[in-house]
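See structure below.
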Amino acid sequence: MSVTRTGNTEALDPEQSPLEQHGDVSTPMPKLQVRSRPTVATGTSEPRTGVRLAKIRRTGDRVFFGMSTGSGVLIVLLVVFVGVFLLALALPSLLANQANFLTSREWTVSGSELRFGIAGLLWTTVLSSVVAMAIAVPIAIGVALFITQYAPRRVAGPLAFTVDLLAAVPSIIFGLWGIAVLGPLLVPTSDWLSSRLGFIPIFAPGIRSPGTVFVVSVVLAIMILPIVTAISRDVFTQTPRDHVEAALSLGATRWEMIRTAVLPYGRSGVISASMLGLGRALGETVAVMIILSKPADNSGFAPSLFAGGETFASKIANNAAEFDTPSKTGAFIASGLVLFIVTFAVNAVARIISDRGHARS
Amino acid sequence: MSMNRRAASRLSSVAAVLAIGTLGLTACGSDPVTAGAEPGAAGGSGSAGGSASASDLTCAEGKLTAEGSSAQANAISEVISQYNAECGDKASIEYNPTGSGAGIKSFYNGLVDFAGSDSALKSEEKDGVVETEKAEQRCEGNPAWNLPMVVGPIAFAYNVDGVDKLVLNAEVLSQIFNGEIKTWNDPKIAKLNSGVTLPSENITVFFRSDESGTTENVTKFLAAAGEGAWTDEPGKSWTGTGEGKNKSSGVAEGVTNTKNSISYMEWSYASDNSLKIAQLDNGAGPVELTGQAVAKAVSEAEIKGSGNDLTLEVKYAGTAEGAYPALLVTYEIVCSKGLEADKTAIVKDFLSFFASADTQAGLEELGYAPLPDELRSKVETAVKAIQ
C-alpha cells in the first residue's frame, strides 16, 4: 500500500511534468561501496568487523548541498522580495483609498482623490474561472478515462499527444480565436440560455457583442483542459492493477470497474488537478483581456454570465501602458495582490485536499 | 524524504503563483518599431539618395531613439523607413510606441532623444511634476518645443445594415455615447438623415477600455461642440455608456462583429476594417472624413505656444464649411537646444523630412491627414531653428 501511496504523491506534484513516466518512485540511496577504497589507515585500533566504512570525500557533498540550499533560499528570497515590493507599492494607495477596497466597484485612480474597490473584479474573476472549471473538469475526466481505460493503444497515444498540444497554444491565439470565431458561434447558445433561464440573475440577458464572461469561461475551459486531463490521466494510469483485476474478476463491467476502482482511487488527484486548472484560469490575462467587454463606469452591477466585466489580470494588463503616477500604479498593484492571495488560497486548498486524499487511501 | 519533497513542491507552487503574477504585469509590452540598420552597415547607395523630395537631406550618421504616443506609431515607422531609404540606412532611428505619458517621462529623464505625444507638455503641476520644467532641465536649460507633426482623424464608425450614409453631429453623438439616444430610429438621428430608413434596433456603443488619447480627444470634441449634451469632463478614461474594448483594434473588432453598433476610433482602423464612417455636420453641412477636410480643420486651430513652440488649440465648435473637426494632433517634443550635436543633426534632418510636403501627403494612405501648408511651413521653420 505504501508503494502506491508514494506513486500517487508523485502524480500530484505540480512541478513534475505530467508527461514524464512514473516508473521509478524511490530515489536511489547513496551507495557507499562504490566509493570505497582499499582500507585507509586511520590510526584508531578499532576491531575489524566485516563492514568497512569508506572514507567519504566531502567536497562533492558540500558543493551540492550549497547549491541546492542556495536555490531554495533564492526562491524564498524572490517571493519575499516581490511580496514586499508589491506591498510597498500598494500600501500608500490603499491608505489613501476613499472607497471600501473590498466591497466597492468604483475605480477612480487618476484624480486627486483615490476611490477604488475590487468587488466587480473579484466577481468576474471567480465566476469565469469557476464556470470554466465546471465545463472543463467533466470533459477532462472523460478524456482521461477514454485514454487510459477504453482507447486502444494506437489511438490513446496520439490522442494524449493532441490534448497536450493544446497546452502549447499561446493564450493570445486563444483570445483572438475566442473573440473572432468562438464568440459569434456561442451567441445563439447565450441567447437561448438567457431567454429560458433569464430569471436567474446569473443567466440574465446582458450585452449583445460576444465579449461576455460566458465566452471567456468557455475559452478558459479549453485552456485548462490539457492540465486537468494530463494529471487525471496519470492518476488513473496508476490505479493498482490488483484493484482493477479484483473488480473485473468479481464480474464488474468496465464501467463498474471504473466506478469502483479507478474513480475512487483517482478522486483526490482529479480534485487537485482541477484546482491547478482553476489557478491557471484565475490568472489568465491576455485571452481574457481580448475577449471581455468592459462595462461602462456608470452602469450597475451585472452579475450575469452574459454581461461584460473585467478580471484582475485583464484590468491590470489593459491599463499597464498608462501607469503614470505612483498612486495609480499602487491601486492596480493592490488589486494584483488580491489575485495573488486568491490564487494562493486555491493552491493551498488543492494541497490540503490532495493530502487528505492520501491519508484516506 | 517525502516531507522534503512536499516542502520543495510547496515552494515551487509559490514560485508558480509568482510567475503567473509577473507574467500578468508584463504581458502587455509592445515591441519597438525599428526601422533601419546599424550605423556602420550603410548601404552602397547612400550618397546616391537625391530624389526631389529629399532635396536637402544631410543624412547624418548616428543613432536616435524616441518613444511615446501609439497614435502616431504607424506614421512615424513609415516615415523612418522612407527616411532610411533616402539616406541609405546611415542613421538608425527607433520609435517605441509606449504611450504619450511614458514617452514624455522617458524624454525628460534623458532616456530618449525626443518624445511623441498626443498632448503638449503641461506647464501646470500634475502629480508633483511640471512637465515643461522637467523638459527644460533635460535640455540643459533650454525650452522644449511641441511640434505638431501627425494629424490623426477620428472616425465614428458604425455597423448598421442598409444604412450606407449616416450624418451625425456632436450633439447627437454625445447623446448616443451617454446613453440618452438608445435606438437607431430616434427622431434626433432621423432629423439629420432624412430619406434614410433607420432600424428600430438598440444602439450598441463600444469604447476604449484602456486609457487613450483618442478617448480624450473625442470627449474634448463632444464637450466643445456638443451644445452642452456632453457634460462629463474630457479625459483619457471613457465616462459614457457602452461596452469597453481593448485598444483601437478591439473597438474596431467590436463594431465589425456586432450589428447596430457604433464607436470612435482612429481613421486607419475604420478604413482597414472596411467599416462605414459617419459624416459630421458641425453646423455648416455634412462633411465626409477626408485628409483635406481634416487639414482644413487643423488650419483653423490657434497656435497657443510662443515662438517656435507650436502647441495647438484645436477649434472644435463652429468650424467652417468642409472642415472635419474630430481629430487628434500628435506632437514631436524636442529640445530647442541642448541635445548632443550629432543627435541634433539627425533630429533636424529627420524632422525636416517628416514635415516635408511629400512625406505629409504620403501619410494619408496610412489613415492620417497631412498638416495644412501654413502650419507645415511653421513646423519646418521651427525644425530649422533647433540648435
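Within each chain, counting starts at residue 1; across the C-alpha cells, chains are named A, B, ... in the order shown, with ligands numbered 1 upward in that order.
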
Write out as a PDB file with C-alpha atoms, in the first residue's frame which residues come within 7 Å of region 235-251 of chain B when counting only C-alpha atoms, dropping same-chain ones fewer than 5 positions away.
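Produced file selection26.pdb, reproduced below:
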ATOM      1  CA  MET A 289      -8.437  40.972 -21.996  1.00  0.00           C
ATOM      2  CA  ILE A 290      -9.025  40.484 -25.700  1.00  0.00           C
ATOM      3  CA  SER A 293     -16.060  43.804 -22.836  1.00  0.00           C
ATOM      4  CA  LYS A 294     -15.590  46.279 -20.044  1.00  0.00           C
ATOM      5  CA  PRO A 295     -18.902  47.578 -18.695  1.00  0.00           C
ATOM      6  CA  ALA A 296     -19.328  51.347 -18.670  1.00  0.00           C
ATOM      7  CA  ASP A 297     -18.361  53.005 -15.397  1.00  0.00           C
ATOM      8  CA  ASN A 298     -21.849  54.315 -14.819  1.00  0.00           C
ATOM      9  CA  ASN A 318      -5.265  46.658 -20.095  1.00  0.00           C
TER      10      ASN A 318
ATOM     11  CA  PHE B 177     -22.481  57.995 -26.325  1.00  0.00           C
ATOM     12  CA  ASN B 178     -24.016  58.934 -22.996  1.00  0.00           C
ATOM     13  CA  GLY B 179     -26.984  56.652 -23.497  1.00  0.00           C
ATOM     14  CA  THR B 204     -24.522  49.264 -29.016  1.00  0.00           C
ATOM     15  CA  VAL B 205     -21.722  51.698 -28.183  1.00  0.00           C
ATOM     16  CA  PHE B 206     -18.141  50.495 -27.978  1.00  0.00           C
ATOM     17  CA  PHE B 207     -15.465  52.470 -26.187  1.00  0.00           C
ATOM     18  CA  ARG B 208     -11.785  52.138 -25.400  1.00  0.00           C
ATOM     19  CA  SER B 209     -11.400  50.281 -22.107  1.00  0.00           C
ATOM     20  CA  ASP B 210      -7.777  51.352 -21.801  1.00  0.00           C
ATOM     21  CA  GLU B 211      -6.862  54.960 -21.185  1.00  0.00           C
ATOM     22  CA  SER B 212      -6.415  56.607 -24.508  1.00  0.00           C
ATOM     23  CA  GLY B 213      -5.599  59.898 -26.165  1.00  0.00           C
ATOM     24  CA  THR B 215     -10.909  58.976 -25.954  1.00  0.00           C
ATOM     25  CA  GLU B 216      -9.569  62.249 -24.584  1.00  0.00           C
ATOM     26  CA  THR B 219     -14.587  63.782 -25.428  1.00  0.00           C
ATOM     27  CA  SER B 263     -17.722  53.579 -31.901  1.00  0.00           C
ATOM     28  CA  MET B 265     -11.527  55.059 -33.498  1.00  0.00           C
ATOM     29  CA  TYR B 269      -8.702  51.224 -38.090  1.00  0.00           C
TER      30      TYR B 269
END

| said: Need the shell around Ala361 (chain B): protein/DNA/RNA residues with any atom at most 8 Å away, counting only C-alpha atoms. Skip same-chain ones fewer than 4 positions apart. Format as JSON, numbers by chain? | reply: {"B": [357, 369, 370]}

| field | DSSP strand (DSSP E) selection over region 157-192 of chain B, as a PyMOL selection string | value | chain B and resi 157-159+167-168

| message | Using DSSP secondary structure from the backbone, list all alpha helix (DSSP H) positions within region 216-316 of chain A, as an MDAnalysis selection string. | response | chainID A and resid 216:237 241:249 254:257 263:283 286:291 312:316

| said: With only C-alpha atoms as the counted atoms, please give the residues lying no more than 10 Å from Thr344 (chain B), apart from itself and same-chain residues fewer than 6 positions off, as a list of chain:residue names. | reply: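 Listing them by chain and then by number gives B:Ala60, B:Leu64, B:Asp113, B:Val334, B:Cys335, B:Ser336, B:Lys337, B:Gly338, B:Phe350, B:Ile386, B:Gln387.
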
Which residues of region 246-365 of chain B come within 10 Å of region 175-188 of chain A, and what is each one's closest atom pair and distance in Å (one decimal), counting only C-alpha atoms, sorted by chain and residue number, as a tab-separated table?
residue	atom	partner	partner_atom	distance
B:Gly250	CA	A:Ile179	CA	9.6
B:Glu253	CA	A:Ala180	CA	8.1
B:Gly254	CA	A:Ile179	CA	8.9
B:Thr256	CA	A:Ala180	CA	9.9
B:Asn257	CA	A:Pro184	CA	7.7
B:Thr258	CA	A:Pro184	CA	8.9

| query | Given the choices B:Asn260, B:Gln72, B:Asn146, B:Asn185, which gets closest to chain A if the distance is worked out from only C-alpha atoms? | reply | B:Asn260

| message | With only C-alpha atoms as the counted atoms, please give the residues lying no more than 12 Å from Ala320 (chain B), apart from itself and same-chain residues fewer than 6 positions off, as a list in words. | response | Asp281, Asn282, Gly283, Ala284, Gly285, Pro286, Val287, Ala293, Val294, Ala295, Lys296, Ala297, Val298, Ser299, Glu300 and Ala301 of chain B

| message | I'd like to know which of A:Ala313, A:Val76, A:Ala334, A:Met133 is closest to Leu220 (chain A), using only C-alpha atoms. | response | A:Met133

| request: Choose the residue, out of A:Phe64, A:Phe236, A:Phe301, A:Phe344, that has the smallest atom-to-atom separation from Thr103 (chain A); count only C-alpha atoms. | output: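 Looking only at the distances to Thr103 (chain A), the closest residue turns out to be A:Phe301.
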
| Near region 141-143 of chain A, within 8 Å and counting only C-alpha atoms, which residues show up once chain neighbours fewer than 6 positions away are dropped, as a PyMOL selection string? | chain A and resi 228-229+232-233+270

| Selection near Ser354 (chain A), 7 Å with only C-alpha atoms, sequence-local residues under 4 positions removed, as a ChimeraX atom specification | /A:268-269,272,350,358

| Spatial neighbours of Ser129 (chain A), max dist 7 Å, only C-alpha atoms, sep filter under 3 positions, as a count of residues only | 8
